[in-house]
Amino acid sequence: MSASKPTLRWGIIGTGLISSWFVQDLCLERENAQASHIIQVVGSSSVEKGNRFIDAHVQQRQSRPPPLCATYEQTYRDPDVDIVYIGTPHAFHKQNCLDAIAQGKHVLCEKPFALNAKEAREVFKAAGEKGVFVMEALWTRFFPLFEAFQRVLHRDEAVGDVVRVFCDFAMNQSLSSLDASSRLKNPALGAGSLLDIGIYSLTWGLAALDSQMGGKAQQPKIVAAQTLVDSIDVASAMILLYPDGKQGILTCNTSTKTPPVFCRVEGTKGHILVEGVASSAPRSFTIYTPQTPEGQKYEFERPGKGFYWEADSVALDIAAGKTESVQLPWAETLRVLDMLDEVRRQGGAKFPQD
Ligand SMILES: NC(=O)C1=CN([C@@H]2O[C@H](COP(=O)(O)OP(=O)(O)OC[C@H]3O[C@@H](n4cnc5c(N)ncnc54)[C@H](OP(=O)(O)O)[C@@H]3O)[C@@H](O)[C@H]2O)C=CC1
Ligand SMILES: O=C1OC[C@@H](O)[C@H](O)[C@H]1O
């Protein structure tokens with residue numbers, strides 16, 4: 001690793017599924033790494049579980065295995081931690097972020113950044129006052145494929161003007177077999193298809209329909225419907241209607257599975273299909289025009305899962321003294337959460353915290 005690359009020392013909060021994927025990716029030996037990452041400490045609410053996590057996911061992958069912090073607070077207070085990664089259920093994101101920020105830590109917080117836009121505004125206000133870097137870990141936005149997709153659409157206008165975008169994320173979460181306390185079932189933990197996976201459909205839709213983000217983006221009208229079972233949305237559908245008439249038809253569902261093409265962008269001169277097992281982790285996209293009727297396919301290497309791209313981007317931003325990401329600024333996280341709030345207002349899904 002070259003000395004000019006920034007190094008970030010991470011404190012990991014929560015030892016569930018996503019944290020295991022994240023730390024494994026950070027420990028990967030990679031070509032073209034833009035930064036070095038050290039898992040400095042792991043914070044868990046359970047000593048036994050936390051130690052199991054370190055043994056299973058970091059022990060063999062890092063020369064110095066991290067010690068366990070028996071409380072999250074101990075992680076926030078560790079002077080050798082530069083940045084806290086928050087991998088807890090949605091409902092805890094706001095408080096975990098506020099607690100880390102209060103100790104002057106930078107924060108990368110899993111998606112959705114908070115349960116609603118009000119909570120997110122509170123966190124960004126605290127981050128602004130403390131002058132720390134904070135970002136939502138919407139990892140897909142940092143895939144080279146995602147950047148290439150936006151480039152061919154908006155800079156190269158490969159399919160002309162965008163007219164319609166369809167995007168779906170469906171995965172069978174076998175809800176009936178899960179305990180009522182599961183984060184996928186308990187409304188108090190933020191359960192529901194929209195915030196868990198619909199956020200990806202919306203992310204792709206917004207990226208395809210508009211080259212701008214945050215305050216510079218156009219504001220579409222939203223029409224939405226949700227299927228509610230036991231007070232949580234098991235399916236959500238939203239239509240984004242833009243002032244010029246273009247539409248996004250964006251859906252998610254937790255009882256079925258999206259076929260391997262999860263997104264279709266139709267333009268005045270052709271269409272693009274985006275492929276992958278899930279819209280969170282795209283593999284390729286194919287452009288169809290009258291000149292390429294068989295399709296021109298763009299495939300992208302992805303060693304591991306691809307979480308290191310967002311982590312590298314965060315490291316570069318922090319090294320440059322930034323408090324927010326250009327690729328995912330606070331205003332874009334807020335815009336998306338405002339839209340998710342509106343979908344739930346129309347569709348009926350509510351959290352006790354709303
Ligand atoms: N970017 C992506 O692809 C993905 C992102 N996510 C996001 O990550 C977050 C966590 O999801 P996931 O890893 O699947 O969740 P898990 O249930 O697998 O893990 C969550 C962890 O949070 C901690 N936690 C603290 N309090 C609670 C509580 N009351 N109930 C349950 N867990 C608690 C626990 O860690 P401990 O016991 O160590 O304190 C637990 O292991 C969600 O916000 C989700 O949206 C999830 C999957 C994929
Ligand atoms: O972000 C996510 O993407 C993949 C899914 O497995 C998971 O439930 C969700 O949180």
# chains A, B, ... in the order shown; residues from 1 in each chain; ligands from 1
$ residues_near_ligand --ligand "ligand 2" --cutoff "12 Å" --atoms "only C-alpha atoms and all ligand atoms" --output "JSON, numbers by chain"
{"A": [16, 17, 18, 19, 21, 22, 87, 88, 89, 90, 110, 111, 112, 113, 136, 137, 138, 139, 140, 169, 170, 171, 172, 173, 174, 175, 182, 183, 184, 185, 190, 191, 192, 193, 194, 195, 196, 197, 198, 199, 200, 201, 203, 252, 253, 254, 257, 277, 278, 279, 280, 281, 282, 305, 307]}
$ write_last_selection --atoms "C-alpha atoms" --output "compact mmCIF listing (two decimals), in the first residue's frame"
# COMPACT_ATOMS: atom_id res chain seq x y z
CA GLY A 16 -25.21 -8.78 12.29
CA LEU A 17 -25.31 -9.68 8.62
CA ILE A 18 -24.37 -6.38 7.04
CA SER A 19 -21.47 -5.69 9.39
CA TRP A 21 -20.20 -8.35 4.79
CA PHE A 22 -18.71 -4.89 5.32
CA GLY A 87 -24.80 -1.73 11.02
CA THR A 88 -27.78 -1.83 13.39
CA PRO A 89 -31.50 -1.98 12.43
CA HIS A 90 -32.94 1.23 10.91
CA GLU A 110 -26.30 1.89 6.80
CA LYS A 111 -29.28 2.55 4.59
CA PRO A 112 -31.89 3.76 5.21
CA PHE A 113 -30.04 6.54 7.00
CA GLU A 136 -25.54 7.10 4.31
CA ALA A 137 -24.05 3.72 3.29
CA LEU A 138 -26.06 3.42 0.11
CA TRP A 139 -23.22 1.30 -1.26
CA THR A 140 -24.65 0.70 -4.75
CA PHE A 169 -36.32 -5.11 -6.00
CA ALA A 170 -38.17 -8.24 -4.87
CA MET A 171 -36.72 -10.88 -2.58
CA ASN A 172 -38.52 -13.55 -0.62
CA GLN A 173 -37.77 -12.74 3.01
CA SER A 174 -39.87 -15.69 4.27
CA LEU A 175 -41.53 -13.40 6.79
CA SER A 182 -36.91 -9.70 13.62
CA ARG A 183 -35.97 -6.33 12.14
CA LEU A 184 -37.82 -7.48 9.01
CA LYS A 185 -41.08 -7.95 10.96
CA GLY A 190 -38.39 -0.12 10.92
CA ALA A 191 -39.67 -3.28 9.21
CA GLY A 192 -41.13 -3.11 5.73
CA SER A 193 -40.20 -3.57 2.09
CA LEU A 194 -39.93 0.12 1.26
CA LEU A 195 -37.09 1.14 3.56
CA ASP A 196 -35.29 -2.19 3.31
CA ILE A 197 -35.26 -2.76 -0.45
CA GLY A 198 -37.57 -0.21 -2.10
CA ILE A 199 -34.91 2.40 -1.39
CA TYR A 200 -32.77 0.76 -4.10
CA SER A 201 -35.58 0.90 -6.68
CA THR A 203 -32.20 5.15 -6.05
CA CYS A 252 -40.47 -3.68 -4.23
CA ASN A 253 -41.84 -6.86 -2.70
CA THR A 254 -40.75 -9.21 0.09
CA LYS A 257 -38.06 -12.55 -6.51
CA VAL A 277 -29.36 -10.86 -8.82
CA ALA A 278 -30.49 -7.79 -6.89
CA SER A 279 -30.64 -4.09 -7.59
CA SER A 280 -28.34 -3.53 -4.60
CA ALA A 281 -25.53 -5.42 -6.38
CA PRO A 282 -25.65 -4.88 -10.17
CA LYS A 305 -19.18 -7.86 -2.54
CA PHE A 307 -18.52 -2.42 -0.05
$ select_by_dssp --residues "range 16-253 of chain A" --states "helix (DSSP H, G or I)" --output "VMD selection string"
chain A and resid 17 to 26 47 to 57 72 to 77 90 to 102 117 to 130 139 to 142 144 to 155 175 to 177 187 to 189 193 to 209 214 to 216
$ atom_distance --atom1 "CA of Gly160 in chain A" --atom2 "CA of Leu337 in chain A"
29.3 Å
$ atom_distance --atom1 "CA of Arg9 in chain A" --atom2 "CA of Val81 in chain A"
5.3 Å
